[in-house]
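Here's coords21.cif, which has mmCIF, C-alpha atoms:
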data_target
#
loop_
_atom_site.group_PDB
_atom_site.id
_atom_site.type_symbol
_atom_site.label_atom_id
_atom_site.label_comp_id
_atom_site.auth_asym_id
_atom_site.auth_seq_id
_atom_site.Cartn_x
_atom_site.Cartn_y
_atom_site.Cartn_z
ATOM 1 C CA MET A 287 0.000 0.000 0.000
ATOM 2 C CA GLU A 288 1.262 3.515 -0.812
ATOM 3 C CA THR A 289 2.162 5.343 2.362
ATOM 4 C CA SER A 290 1.179 8.872 3.376
ATOM 5 C CA GLY A 291 4.782 9.728 4.212
ATOM 6 C CA ASN A 292 3.904 10.373 7.854
ATOM 7 C CA ARG A 293 6.217 8.540 10.242
ATOM 8 C CA ILE A 294 4.947 7.197 13.561
ATOM 9 C CA LEU A 295 7.016 5.822 16.437
ATOM 10 C CA ILE A 296 5.209 3.527 18.863
ATOM 11 C CA VAL A 297 6.777 3.415 22.336
ATOM 12 C CA GLU A 298 5.132 0.403 23.970
ATOM 13 C CA ASP A 299 6.580 -2.478 26.005
ATOM 14 C CA ASP A 300 3.668 -4.822 25.255
ATOM 15 C CA GLN A 301 5.171 -6.389 22.158
ATOM 16 C CA ARG A 302 1.966 -7.999 20.949
ATOM 17 C CA LEU A 303 -0.015 -4.763 21.279
ATOM 18 C CA ALA A 304 2.769 -2.790 19.605
ATOM 19 C CA GLU A 305 2.900 -5.301 16.743
ATOM 20 C CA LEU A 306 -0.864 -5.235 16.160
ATOM 21 C CA THR A 307 -0.966 -1.445 16.328
ATOM 22 C CA ALA A 308 1.949 -1.128 13.922
ATOM 23 C CA GLU A 309 0.301 -3.526 11.448
ATOM 24 C CA TYR A 310 -2.967 -1.606 11.607
ATOM 25 C CA LEU A 311 -1.329 1.780 11.081
ATOM 26 C CA HIS A 312 0.871 0.440 8.281
ATOM 27 C CA ALA A 313 -2.254 -0.915 6.564
ATOM 28 C CA ASN A 314 -3.675 2.619 6.780
ATOM 29 C CA GLY A 315 -0.718 4.193 5.028
ATOM 30 C CA TYR A 316 1.752 5.124 7.766
ATOM 31 C CA VAL A 317 5.452 4.373 8.118
ATOM 32 C CA VAL A 318 5.725 2.800 11.557
ATOM 33 C CA ALA A 319 8.608 1.991 13.896
ATOM 34 C CA VAL A 320 8.461 0.484 17.392
ATOM 35 C CA GLU A 321 10.508 1.014 20.559
ATOM 36 C CA HIS A 322 9.915 -1.278 23.551
ATOM 37 C CA ASP A 323 12.407 0.150 26.043
ATOM 38 C CA GLY A 324 11.630 3.398 27.846
ATOM 39 C CA ALA A 325 15.325 3.954 28.560
ATOM 40 C CA ARG A 326 16.018 4.243 24.815
ATOM 41 C CA ALA A 327 12.828 6.043 23.826
ATOM 42 C CA ALA A 328 13.795 9.679 24.419
ATOM 43 C CA ARG A 329 17.001 9.436 22.389
ATOM 44 C CA ARG A 330 15.219 7.604 19.584
ATOM 45 C CA ILE A 331 12.471 10.255 19.434
ATOM 46 C CA LEU A 332 14.994 13.077 19.285
ATOM 47 C CA ASP A 333 17.220 11.323 16.745
ATOM 48 C CA SER A 334 14.474 10.216 14.351
ATOM 49 C CA GLN A 335 12.019 13.148 14.826
ATOM 50 C CA PRO A 336 8.925 11.201 13.718
ATOM 51 C CA ASP A 337 5.760 13.073 12.798
ATOM 52 C CA LEU A 338 3.944 11.514 15.743
ATOM 53 C CA VAL A 339 4.808 9.441 18.810
ATOM 54 C CA ILE A 340 2.386 7.025 20.440
ATOM 55 C CA LEU A 341 3.728 6.945 23.983
ATOM 56 C CA ASP A 342 2.668 4.444 26.631
ATOM 57 C CA LEU A 343 2.939 5.737 30.197
ATOM 58 C CA MET A 344 3.991 2.492 31.869
ATOM 59 C CA LEU A 345 7.348 1.492 30.439
ATOM 60 C CA PRO A 346 10.474 -0.318 31.639
ATOM 61 C CA GLY A 347 13.569 1.845 32.031
ATOM 62 C CA GLU A 348 11.782 5.215 32.029
ATOM 63 C CA ASP A 349 8.086 6.054 32.265
ATOM 64 C CA GLY A 350 6.155 7.924 29.608
ATOM 65 C CA LEU A 351 5.692 11.119 31.627
ATOM 66 C CA SER A 352 9.441 11.439 32.150
ATOM 67 C CA ILE A 353 10.065 10.800 28.456
ATOM 68 C CA CYS A 354 7.514 13.449 27.493
ATOM 69 C CA ARG A 355 9.172 15.962 29.815
ATOM 70 C CA ARG A 356 12.632 15.289 28.388
ATOM 71 C CA VAL A 357 11.765 15.493 24.690
ATOM 72 C CA ARG A 358 9.080 18.151 24.508
ATOM 73 C CA GLY A 359 11.432 21.120 24.247
ATOM 74 C CA HIS A 360 13.380 19.529 21.381
ATOM 75 C CA TYR A 361 10.676 17.582 19.536
ATOM 76 C CA THR A 362 8.117 19.466 17.443
ATOM 77 C CA GLY A 363 5.935 16.536 16.402
ATOM 78 C CA SER A 364 2.789 15.299 18.133
ATOM 79 C CA ILE A 365 2.730 13.111 21.250
ATOM 80 C CA LEU A 366 -0.268 10.835 21.743
ATOM 81 C CA MET A 367 -0.287 9.187 25.160
ATOM 82 C CA LEU A 368 -1.669 5.747 25.971
ATOM 83 C CA THR A 369 -3.174 5.619 29.440
ATOM 84 C CA ALA A 370 -5.881 3.999 31.557
ATOM 85 C CA ARG A 371 -9.192 5.878 31.832
ATOM 86 C CA SER A 372 -8.987 5.802 35.626
ATOM 87 C CA ASP A 373 -5.598 7.518 35.644
ATOM 88 C CA GLU A 374 -6.934 11.086 35.444
ATOM 89 C CA LEU A 375 -3.860 12.410 37.245
ATOM 90 C CA ASP A 376 -1.635 10.892 34.556
ATOM 91 C CA GLN A 377 -3.768 12.527 31.867
ATOM 92 C CA VAL A 378 -3.484 15.938 33.527
ATOM 93 C CA GLN A 379 0.265 15.555 34.041
ATOM 94 C CA GLY A 380 0.771 14.409 30.470
ATOM 95 C CA LEU A 381 -1.089 17.407 29.065
ATOM 96 C CA ASP A 382 0.863 19.706 31.378
ATOM 97 C CA LEU A 383 4.133 18.251 30.103
ATOM 98 C CA GLY A 384 3.209 18.852 26.477
ATOM 99 C CA ALA A 385 1.373 15.740 25.295
ATOM 100 C CA ASP A 386 -1.097 16.656 22.548
ATOM 101 C CA ASP A 387 -3.764 14.045 23.213
ATOM 102 C CA TYR A 388 -4.358 10.713 24.874
ATOM 103 C CA VAL A 389 -6.128 7.433 24.137
ATOM 104 C CA CYS A 390 -7.346 5.132 26.877
ATOM 105 C CA LYS A 391 -6.480 1.461 26.985
ATOM 106 C CA PRO A 392 -7.673 -0.931 25.739
ATOM 107 C CA VAL A 393 -6.969 0.808 22.449
ATOM 108 C CA ARG A 394 -9.790 0.877 19.919
ATOM 109 C CA PRO A 395 -8.104 0.930 16.498
ATOM 110 C CA ARG A 396 -10.593 3.197 14.739
ATOM 111 C CA LEU A 397 -10.522 5.712 17.591
ATOM 112 C CA LEU A 398 -6.731 5.661 17.591
ATOM 113 C CA LEU A 399 -6.697 6.283 13.850
ATOM 114 C CA ALA A 400 -9.135 9.200 14.204
ATOM 115 C CA ARG A 401 -6.967 10.819 16.879
ATOM 116 C CA ILE A 402 -3.845 10.389 14.728
ATOM 117 C CA HIS A 403 -5.578 11.912 11.707
ATOM 118 C CA ALA A 404 -6.719 14.892 13.794
ATOM 119 C CA LEU A 405 -3.216 15.537 15.149
ATOM 120 C CA LEU A 406 -1.533 15.257 11.763
ATOM 121 C CA ARG A 407 -4.043 17.572 10.046
ATOM 122 C CA ARG A 408 -2.591 20.604 11.859
ATOM 123 C CA GLY A 409 -1.623 23.415 9.547
ATOM 124 C CA GLU A 410 -2.604 21.557 6.389
ATOM 125 C CA SER A 411 -5.190 24.023 5.091
ATOM 126 C CA PRO A 412 -3.805 25.794 1.994
ATOM 127 C CA ASP A 413 -4.474 29.324 3.308
ATOM 128 C CA SER A 414 -3.277 28.712 6.874
ATOM 129 C CA LYS A 415 -0.117 30.799 6.398
ATOM 130 C CA LEU A 416 -2.266 33.863 5.670
ATOM 131 C CA ARG A 417 -4.371 33.700 8.801
ATOM 132 C CA SER A 418 -3.589 35.890 11.770
ATOM 133 C CA LEU A 419 -6.023 37.395 14.284
ATOM 134 C CA CYS A 420 -5.582 40.252 16.771
ATOM 135 C CA PHE A 421 -7.679 41.023 19.812
ATOM 136 C CA GLY A 422 -6.278 44.004 21.672
ATOM 137 C CA ALA A 423 -2.840 43.005 22.950
ATOM 138 C CA LEU A 424 -3.401 39.358 21.982
ATOM 139 C CA ARG A 425 -2.239 38.164 18.560
ATOM 140 C CA VAL A 426 -2.636 34.600 17.274
ATOM 141 C CA ASP A 427 -1.008 33.457 14.032
ATOM 142 C CA GLN A 428 -2.160 30.152 12.596
ATOM 143 C CA GLY A 429 0.523 30.009 9.911
ATOM 144 C CA LEU A 430 3.356 30.377 12.421
ATOM 145 C CA ARG A 431 1.396 28.468 15.099
ATOM 146 C CA GLU A 432 2.418 31.144 17.600
ATOM 147 C CA ALA A 433 0.679 33.648 19.851
ATOM 148 C CA TRP A 434 1.814 36.857 21.537
ATOM 149 C CA LEU A 435 0.526 38.964 24.431
ATOM 150 C CA HIS A 436 1.846 42.533 24.632
ATOM 151 C CA GLU A 437 4.360 41.494 21.916
ATOM 152 C CA GLN A 438 5.749 38.781 24.204
ATOM 153 C CA GLY A 439 5.628 35.201 22.931
ATOM 154 C CA ILE A 440 3.208 32.883 24.736
ATOM 155 C CA GLU A 441 4.393 29.365 25.495
ATOM 156 C CA LEU A 442 1.675 27.020 24.270
ATOM 157 C CA THR A 443 1.694 23.304 23.621
ATOM 158 C CA GLY A 444 0.480 22.188 20.212
ATOM 159 C CA ALA A 445 -2.849 21.111 21.666
ATOM 160 C CA GLU A 446 -3.276 24.411 23.513
ATOM 161 C CA PHE A 447 -2.582 26.384 20.346
ATOM 162 C CA ASP A 448 -5.123 24.357 18.362
ATOM 163 C CA LEU A 449 -7.787 24.968 20.999
ATOM 164 C CA LEU A 450 -6.971 28.686 21.272
ATOM 165 C CA TRP A 451 -7.097 29.092 17.492
ATOM 166 C CA LEU A 452 -10.433 27.304 17.322
ATOM 167 C CA LEU A 453 -11.837 29.654 19.967
ATOM 168 C CA VAL A 454 -10.476 32.922 18.554
ATOM 169 C CA SER A 455 -11.389 32.030 14.977
ATOM 170 C CA ASN A 456 -14.957 31.570 16.229
ATOM 171 C CA ALA A 457 -14.974 34.680 18.443
ATOM 172 C CA GLY A 458 -18.482 35.643 19.516
ATOM 173 C CA ARG A 459 -19.893 32.160 18.874
ATOM 174 C CA VAL A 460 -20.503 29.533 21.522
ATOM 175 C CA LEU A 461 -18.688 26.283 20.756
ATOM 176 C CA SER A 462 -20.143 23.175 22.340
ATOM 177 C CA ARG A 463 -17.851 20.501 23.713
ATOM 178 C CA GLU A 464 -19.136 18.255 20.925
ATOM 179 C CA GLU A 465 -17.984 20.759 18.287
ATOM 180 C CA ILE A 466 -14.610 21.212 19.974
ATOM 181 C CA PHE A 467 -13.934 17.484 20.245
ATOM 182 C CA THR A 468 -15.011 16.835 16.669
ATOM 183 C CA SER A 469 -12.804 19.655 15.357
ATOM 184 C CA LEU A 470 -9.706 18.857 17.405
ATOM 185 C CA ARG A 471 -9.844 15.118 17.966
ATOM 186 C CA GLY A 472 -11.916 13.725 15.135
ATOM 187 C CA VAL A 473 -14.404 12.120 17.516
ATOM 188 C CA GLY A 474 -17.450 13.189 19.497
ATOM 189 C CA TYR A 475 -17.526 14.127 23.154
ATOM 190 C CA ASP A 476 -18.177 11.161 25.463
ATOM 191 C CA GLY A 477 -19.480 13.287 28.336
ATOM 192 C CA GLN A 478 -16.569 12.421 30.646
ATOM 193 C CA ASP A 479 -13.316 13.541 29.037
ATOM 194 C CA ARG A 480 -11.888 16.596 30.847
ATOM 195 C CA SER A 481 -8.947 17.347 28.556
ATOM 196 C CA ILE A 482 -10.620 20.400 26.980
ATOM 197 C CA ASP A 483 -11.449 21.861 30.404
ATOM 198 C CA ILE A 484 -7.860 21.292 31.538
ATOM 199 C CA ARG A 485 -6.467 23.053 28.486
ATOM 200 C CA ILE A 486 -8.842 25.978 28.875
ATOM 201 C CA SER A 487 -7.645 26.435 32.474
ATOM 202 C CA LYS A 488 -4.029 26.458 31.238
ATOM 203 C CA ILE A 489 -4.703 28.874 28.364
ATOM 204 C CA ARG A 490 -6.586 31.542 30.334
ATOM 205 C CA PRO A 491 -3.698 32.960 32.398
ATOM 206 C CA LYS A 492 -1.342 32.700 29.419
ATOM 207 C CA ILE A 493 -3.492 35.063 27.335
ATOM 208 C CA GLY A 494 -4.129 37.514 30.164
ATOM 209 C CA ASP A 495 -7.538 36.195 31.205
ATOM 210 C CA ASP A 496 -8.611 35.890 34.837
ATOM 211 C CA PRO A 497 -8.673 32.156 35.684
ATOM 212 C CA ILE A 498 -11.072 32.734 38.617
ATOM 213 C CA HIS A 499 -13.444 35.182 36.931
ATOM 214 C CA PRO A 500 -12.719 34.768 33.207
ATOM 215 C CA ARG A 501 -13.840 37.496 30.824
ATOM 216 C CA MET A 502 -12.216 36.346 27.580
ATOM 217 C CA ILE A 503 -12.891 32.609 27.516
ATOM 218 C CA LYS A 504 -16.245 32.135 29.179
ATOM 219 C CA THR A 505 -17.696 28.813 30.276
ATOM 220 C CA LEU A 506 -21.426 28.672 29.556
ATOM 221 C CA ARG A 507 -22.881 25.881 31.635
ATOM 222 C CA GLY A 508 -24.624 23.288 29.514
ATOM 223 C CA LYS A 509 -23.619 25.053 26.288
ATOM 224 C CA GLY A 510 -19.847 25.179 25.929
ATOM 225 C CA TYR A 511 -17.172 27.871 25.600
ATOM 226 C CA LEU A 512 -17.238 31.401 24.192
ATOM 227 C CA PHE A 513 -14.293 33.637 23.265
ATOM 228 C CA VAL A 514 -15.306 37.275 23.912
ATOM 229 C CA ALA A 515 -13.263 39.483 21.601
ATOM 230 C CA GLN A 516 -14.288 42.724 23.330
ATOM 231 C CA ALA A 517 -12.784 41.503 26.599
ATOM 232 C CA ALA A 518 -9.277 41.054 25.141
ATOM 233 C CA PRO A 519 -6.473 42.838 27.077
ATOM 234 C CA ALA A 520 -5.670 46.359 25.926
ATOM 235 C CA PRO A 521 -2.179 47.262 24.680
ATOM 236 C CA ARG A 522 0.169 48.705 27.268
ATOM 237 C CA PRO A 523 0.297 52.530 27.347
#
Once you've parsed the file, please lay out its structure as structure tokens.
Amino acid sequence: METSGNRILIVEDDQRLAELTAEYLHANGYVVAVEHDGARAARRILDSQPDLVILDLMLPGEDGLSICRRVRGHYTGSILMLTARSDELDQVQGLDLGADDYVCKPVRPRLLLARIHALLRRGESPDSKLRSLCFGALRVDQGLREAWLHEQGIELTGAEFDLLWLLVSNAGRVLSREEIFTSLRGVGYDGQDRSIDIRISKIRPKIGDDPIHPRMIKTLRGKGYLFVAQAAPAPRP
């Protein structure tokens, strides 16, 4: 089968699971490599710079959270964590450390594929390099995948940038969690996943919003999230 050219590294110590996942992704057009040892994973990620890493959290040698922490500043691709649904703390920590998304074990192949597609679609629209939005002292550039507040660069993970861009590009319109999940993750909202809420809480202080009494990114109970353009921070005098 002709491949898409996208390279994926699976970091998973369960050899059977890694083998089945690799076969499935290869059948869907990806170039796939596997690493079973956590102690070697960080160096392999940095050396090979794959387009996406599927990173299990429980690994021999070094755990997935530690690996994510070590590589994030030097690896620009996407990190998709594998975790257990009950491990909410691991999910929060992983997102904090720069993971872009997570999939709960046992892995459902079609869901995994949808998440991979969503992560790899970033920046693929033909006019993305022309799109930049300003709201007072806040500027968000989709082409550069960067944002600034008072002309100072804002440190955002890839997932945080995608969510911020989705909100600002729909300023004045309420986005339901269903819309957000479908746009960013390729799947619908299951009613339990808190990753969007976690990212919103991380984004607010970075863009100058009040995390306790937010004015820019408002939570509308039972409806979703709203970016209020008029509430954007004013330029410094």
Test item: axis-aligned box, all listed atoms of segment 511-514 of chain A, 5 Å on each side, centre and edges in Å rounded to one decimal, as AutoDock Vina command-line options:
--center_x -15.8 --center_y 32.6 --center_z 24.4 --size_x 12.9 --size_y 19.4 --size_z 12.3
Item to check | Matched chain/residue IDs from the PyMOL selection byres ((chain A and resi 480-484) around 8), as a VMD selection string | outcome: chain A and resid 377 to 378 381 463 478 to 479 485 to 488
Next on the checklist: At a cut-off of 9 Å around the point (9.8, 16.7, 18.6) (file coordinates), what residues fall inside when counting only C-alpha atoms? I'd like the answer as a PyMOL selection string.
Outcome noted: chain A and resi 331-332+335-339+357-365
Emit the selected residues as a JSON list (two decimals), in the coordinates of the input, including C-alpha atoms.
[["chain", "number", "residue", "atom", "x", "y", "z"],
["A", 331, "ILE", "CA", 12.47, 10.26, 19.43],
["A", 332, "LEU", "CA", 14.99, 13.08, 19.28],
["A", 335, "GLN", "CA", 12.02, 13.15, 14.83],
["A", 336, "PRO", "CA", 8.93, 11.20, 13.72],
["A", 337, "ASP", "CA", 5.76, 13.07, 12.80],
["A", 338, "LEU", "CA", 3.94, 11.51, 15.74],
["A", 339, "VAL", "CA", 4.81, 9.44, 18.81],
["A", 357, "VAL", "CA", 11.76, 15.49, 24.69],
["A", 358, "ARG", "CA", 9.08, 18.15, 24.51],
["A", 359, "GLY", "CA", 11.43, 21.12, 24.25],
["A", 360, "HIS", "CA", 13.38, 19.53, 21.38],
["A", 361, "TYR", "CA", 10.68, 17.58, 19.54],
["A", 362, "THR", "CA", 8.12, 19.47, 17.44],
["A", 363, "GLY", "CA", 5.94, 16.54, 16.40],
["A", 364, "SER", "CA", 2.79, 15.30, 18.13],
["A", 365, "ILE", "CA", 2.73, 13.11, 21.25]]
Checklist entry - Do you know which residues are at most 10 Å from segment 392-400 of chain A counting all atoms listed in the file, after dropping those on the same chain fewer than 6 positions away, and could you put them as a PyMOL selection string? => result chain A and resi 303+306-307+310-311+314+340+366+368-371+468+471-473
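Residues captured in this structure file are Arg417, Ser418, Cys420, Phe421, Leu424, Arg425, Val426, Asp427, Gln428, Trp451, Val454 and Ser455 of chain A, according to the PyMOL selection byres ((chain A and resi 419) around 9).
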Evaluate the PyMOL selection byres ((chain A and resi 355) around 10) here and jot the selected residues down as a PDB file with C-alpha atoms, keeping the file's coordinate frame.
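Listed below is the output, expr.pdb:
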ATOM      1  CA  ALA A 328      13.795   9.679  24.419  1.00  0.00           C
ATOM      2  CA  GLY A 350       6.155   7.924  29.608  1.00  0.00           C
ATOM      3  CA  LEU A 351       5.692  11.119  31.627  1.00  0.00           C
ATOM      4  CA  SER A 352       9.441  11.439  32.150  1.00  0.00           C
ATOM      5  CA  ILE A 353      10.065  10.800  28.456  1.00  0.00           C
ATOM      6  CA  CYS A 354       7.514  13.449  27.493  1.00  0.00           C
ATOM      7  CA  ARG A 356      12.632  15.289  28.388  1.00  0.00           C
ATOM      8  CA  VAL A 357      11.765  15.493  24.690  1.00  0.00           C
ATOM      9  CA  ARG A 358       9.080  18.151  24.508  1.00  0.00           C
ATOM     10  CA  GLY A 359      11.432  21.120  24.247  1.00  0.00           C
ATOM     11  CA  GLN A 379       0.265  15.555  34.041  1.00  0.00           C
ATOM     12  CA  GLY A 380       0.771  14.409  30.470  1.00  0.00           C
ATOM     13  CA  ASP A 382       0.863  19.706  31.378  1.00  0.00           C
ATOM     14  CA  LEU A 383       4.133  18.251  30.103  1.00  0.00           C
ATOM     15  CA  GLY A 384       3.209  18.852  26.477  1.00  0.00           C
ATOM     16  CA  ALA A 385       1.373  15.740  25.295  1.00  0.00           C
TER      17      ALA A 385
END
Item to check | atom CA of Asp299 of chain A to atom CA of Ser334 of chain A, distance in Å rounded to a single decimal | outcome: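 It comes out at 19.0 Å.
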For the point (-22.1, 25.5, 24.7) in file coordinates, what residues are within 9 Å, counting all atoms listed in the file? Give the answer as an mmCIF file with C-alpha atoms, in the frame of the given file?
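What ended up in point06.cif:
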data_model
loop_
_atom_site.group_PDB
_atom_site.id
_atom_site.type_symbol
_atom_site.label_atom_id
_atom_site.label_comp_id
_atom_site.auth_asym_id
_atom_site.auth_seq_id
_atom_site.Cartn_x
_atom_site.Cartn_y
_atom_site.Cartn_z
ATOM 1 C CA VAL A 460 -20.503 29.533 21.522
ATOM 2 C CA LEU A 461 -18.688 26.283 20.756
ATOM 3 C CA SER A 462 -20.143 23.175 22.340
ATOM 4 C CA ARG A 463 -17.851 20.501 23.713
ATOM 5 C CA GLU A 464 -19.136 18.255 20.925
ATOM 6 C CA GLU A 465 -17.984 20.759 18.287
ATOM 7 C CA THR A 505 -17.696 28.813 30.276
ATOM 8 C CA LEU A 506 -21.426 28.672 29.556
ATOM 9 C CA ARG A 507 -22.881 25.881 31.635
ATOM 10 C CA GLY A 508 -24.624 23.288 29.514
ATOM 11 C CA LYS A 509 -23.619 25.053 26.288
ATOM 12 C CA GLY A 510 -19.847 25.179 25.929
ATOM 13 C CA TYR A 511 -17.172 27.871 25.600
ATOM 14 C CA LEU A 512 -17.238 31.401 24.192
#
Checklist outcome for this item: Using only C-alpha atoms, the best pick from A:Val320, A:Ala515, A:Ile493, A:Leu343 as closest to Glu305 of chain A would be A:Val320
Checklist outcome for this item: Between A:Ala520, A:Ala308, A:Ala445, A:Val318, smallest distance to Gly291 of chain A by all atoms listed in the file belongs to A:Val318
Checklist entry - Which residue gives the smallest distance to His403 of chain A among A:Tyr316, A:Glu348, A:Arg490, A:Ala327, with only C-alpha atoms counted? => result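 Ranked by minimum distance to His403 of chain A, first place goes to A:Tyr316.
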Next on the checklist: Let me make sure I understand: among A:Gly458, A:Lys492, A:Val297, A:Val389, which one has the smallest atom-to-atom distance to Ala433 of chain A if we use only C-alpha atoms?
Outcome noted: A:Lys492
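The smallest atom-to-atom distance between Arg459 of chain A and any of A:Ile294, A:Val514, A:Val317, A:Leu430, using only C-alpha atoms, is found for A:Val514.
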Next on the checklist: One number please: atom CA of Ala319 of chain A to atom CA of Ile402 of chain A, in Å, one decimal.
Outcome noted: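 Atom CA of Ala319 of chain A sits 15.0 Å away from atom CA of Ile402 of chain A.
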Item to check | Interatomic distance (Å, one decimal) between atom CA of His499 of chain A and atom CA of Arg431 of chain A | outcome: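 Value for the atom CA of His499 of chain A-atom CA of Arg431 of chain A distance: 27.2 Å.
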Item to check | Shortest interatomic distance to Thr443 of chain A - which of A:Asp386, A:Ala457, A:Arg401, A:Arg302, counting all atoms listed in the file | outcome: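 Looking at the shortest contact to Thr443 of chain A, the residue is A:Asp386.
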Reconstruct N, CA and C atoms of segment 431-455 of chain A from the incomplete input and present them as a compact mmCIF listing (two decimals), in the coordinates of the input.
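Output file result-v3.txt is given in full below:
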# COMPACT_ATOMS: atom_id res chain seq x y z
N ARG A 431 1.82 29.24 13.92
CA ARG A 431 1.40 28.47 15.10
C ARG A 431 2.03 29.08 16.36
N GLU A 432 1.89 30.41 16.46
CA GLU A 432 2.42 31.14 17.60
C GLU A 432 1.41 32.19 18.05
N ALA A 433 1.54 32.60 19.31
CA ALA A 433 0.68 33.65 19.85
C ALA A 433 1.52 34.58 20.69
N TRP A 434 1.09 35.85 20.79
CA TRP A 434 1.81 36.86 21.54
C TRP A 434 0.84 37.65 22.40
N LEU A 435 1.28 38.07 23.56
CA LEU A 435 0.53 38.96 24.43
C LEU A 435 1.44 40.13 24.77
N HIS A 436 1.00 41.35 24.44
CA HIS A 436 1.85 42.53 24.63
C HIS A 436 3.21 42.35 23.94
N GLU A 437 3.17 41.72 22.73
CA GLU A 437 4.36 41.49 21.92
C GLU A 437 5.33 40.49 22.52
N GLN A 438 4.93 39.82 23.59
CA GLN A 438 5.75 38.78 24.20
C GLN A 438 5.20 37.42 23.80
N GLY A 439 6.08 36.52 23.34
CA GLY A 439 5.63 35.20 22.93
C GLY A 439 4.98 34.43 24.07
N ILE A 440 3.92 33.71 23.76
CA ILE A 440 3.21 32.88 24.74
C ILE A 440 3.62 31.44 24.53
N GLU A 441 4.02 30.78 25.59
CA GLU A 441 4.39 29.36 25.50
C GLU A 441 3.13 28.51 25.53
N LEU A 442 2.85 27.88 24.40
CA LEU A 442 1.68 27.02 24.27
C LEU A 442 2.10 25.66 23.72
N THR A 443 1.50 24.61 24.24
CA THR A 443 1.69 23.30 23.62
C THR A 443 0.93 23.29 22.30
N GLY A 444 1.20 22.29 21.47
CA GLY A 444 0.48 22.19 20.21
C GLY A 444 -1.02 22.08 20.41
N ALA A 445 -1.43 21.29 21.40
CA ALA A 445 -2.85 21.11 21.67
C ALA A 445 -3.48 22.39 22.18
N GLU A 446 -2.75 23.15 23.01
CA GLU A 446 -3.28 24.41 23.51
C GLU A 446 -3.44 25.42 22.38
N PHE A 447 -2.46 25.46 21.47
CA PHE A 447 -2.58 26.38 20.35
C PHE A 447 -3.80 26.04 19.50
N ASP A 448 -3.99 24.76 19.19
CA ASP A 448 -5.12 24.36 18.36
C ASP A 448 -6.44 24.78 18.99
N LEU A 449 -6.56 24.60 20.31
CA LEU A 449 -7.79 24.97 21.00
C LEU A 449 -7.96 26.49 21.00
N LEU A 450 -6.88 27.23 21.28
CA LEU A 450 -6.97 28.69 21.27
C LEU A 450 -7.37 29.19 19.89
N TRP A 451 -6.75 28.65 18.84
CA TRP A 451 -7.10 29.09 17.49
C TRP A 451 -8.55 28.80 17.17
N LEU A 452 -9.03 27.65 17.57
CA LEU A 452 -10.43 27.30 17.32
C LEU A 452 -11.35 28.31 18.00
N LEU A 453 -11.01 28.70 19.23
CA LEU A 453 -11.84 29.65 19.97
C LEU A 453 -11.79 31.04 19.35
N VAL A 454 -10.58 31.55 19.06
CA VAL A 454 -10.48 32.92 18.55
C VAL A 454 -11.01 33.04 17.14
N SER A 455 -10.88 31.98 16.35
CA SER A 455 -11.39 32.03 14.98
C SER A 455 -12.91 31.91 14.94
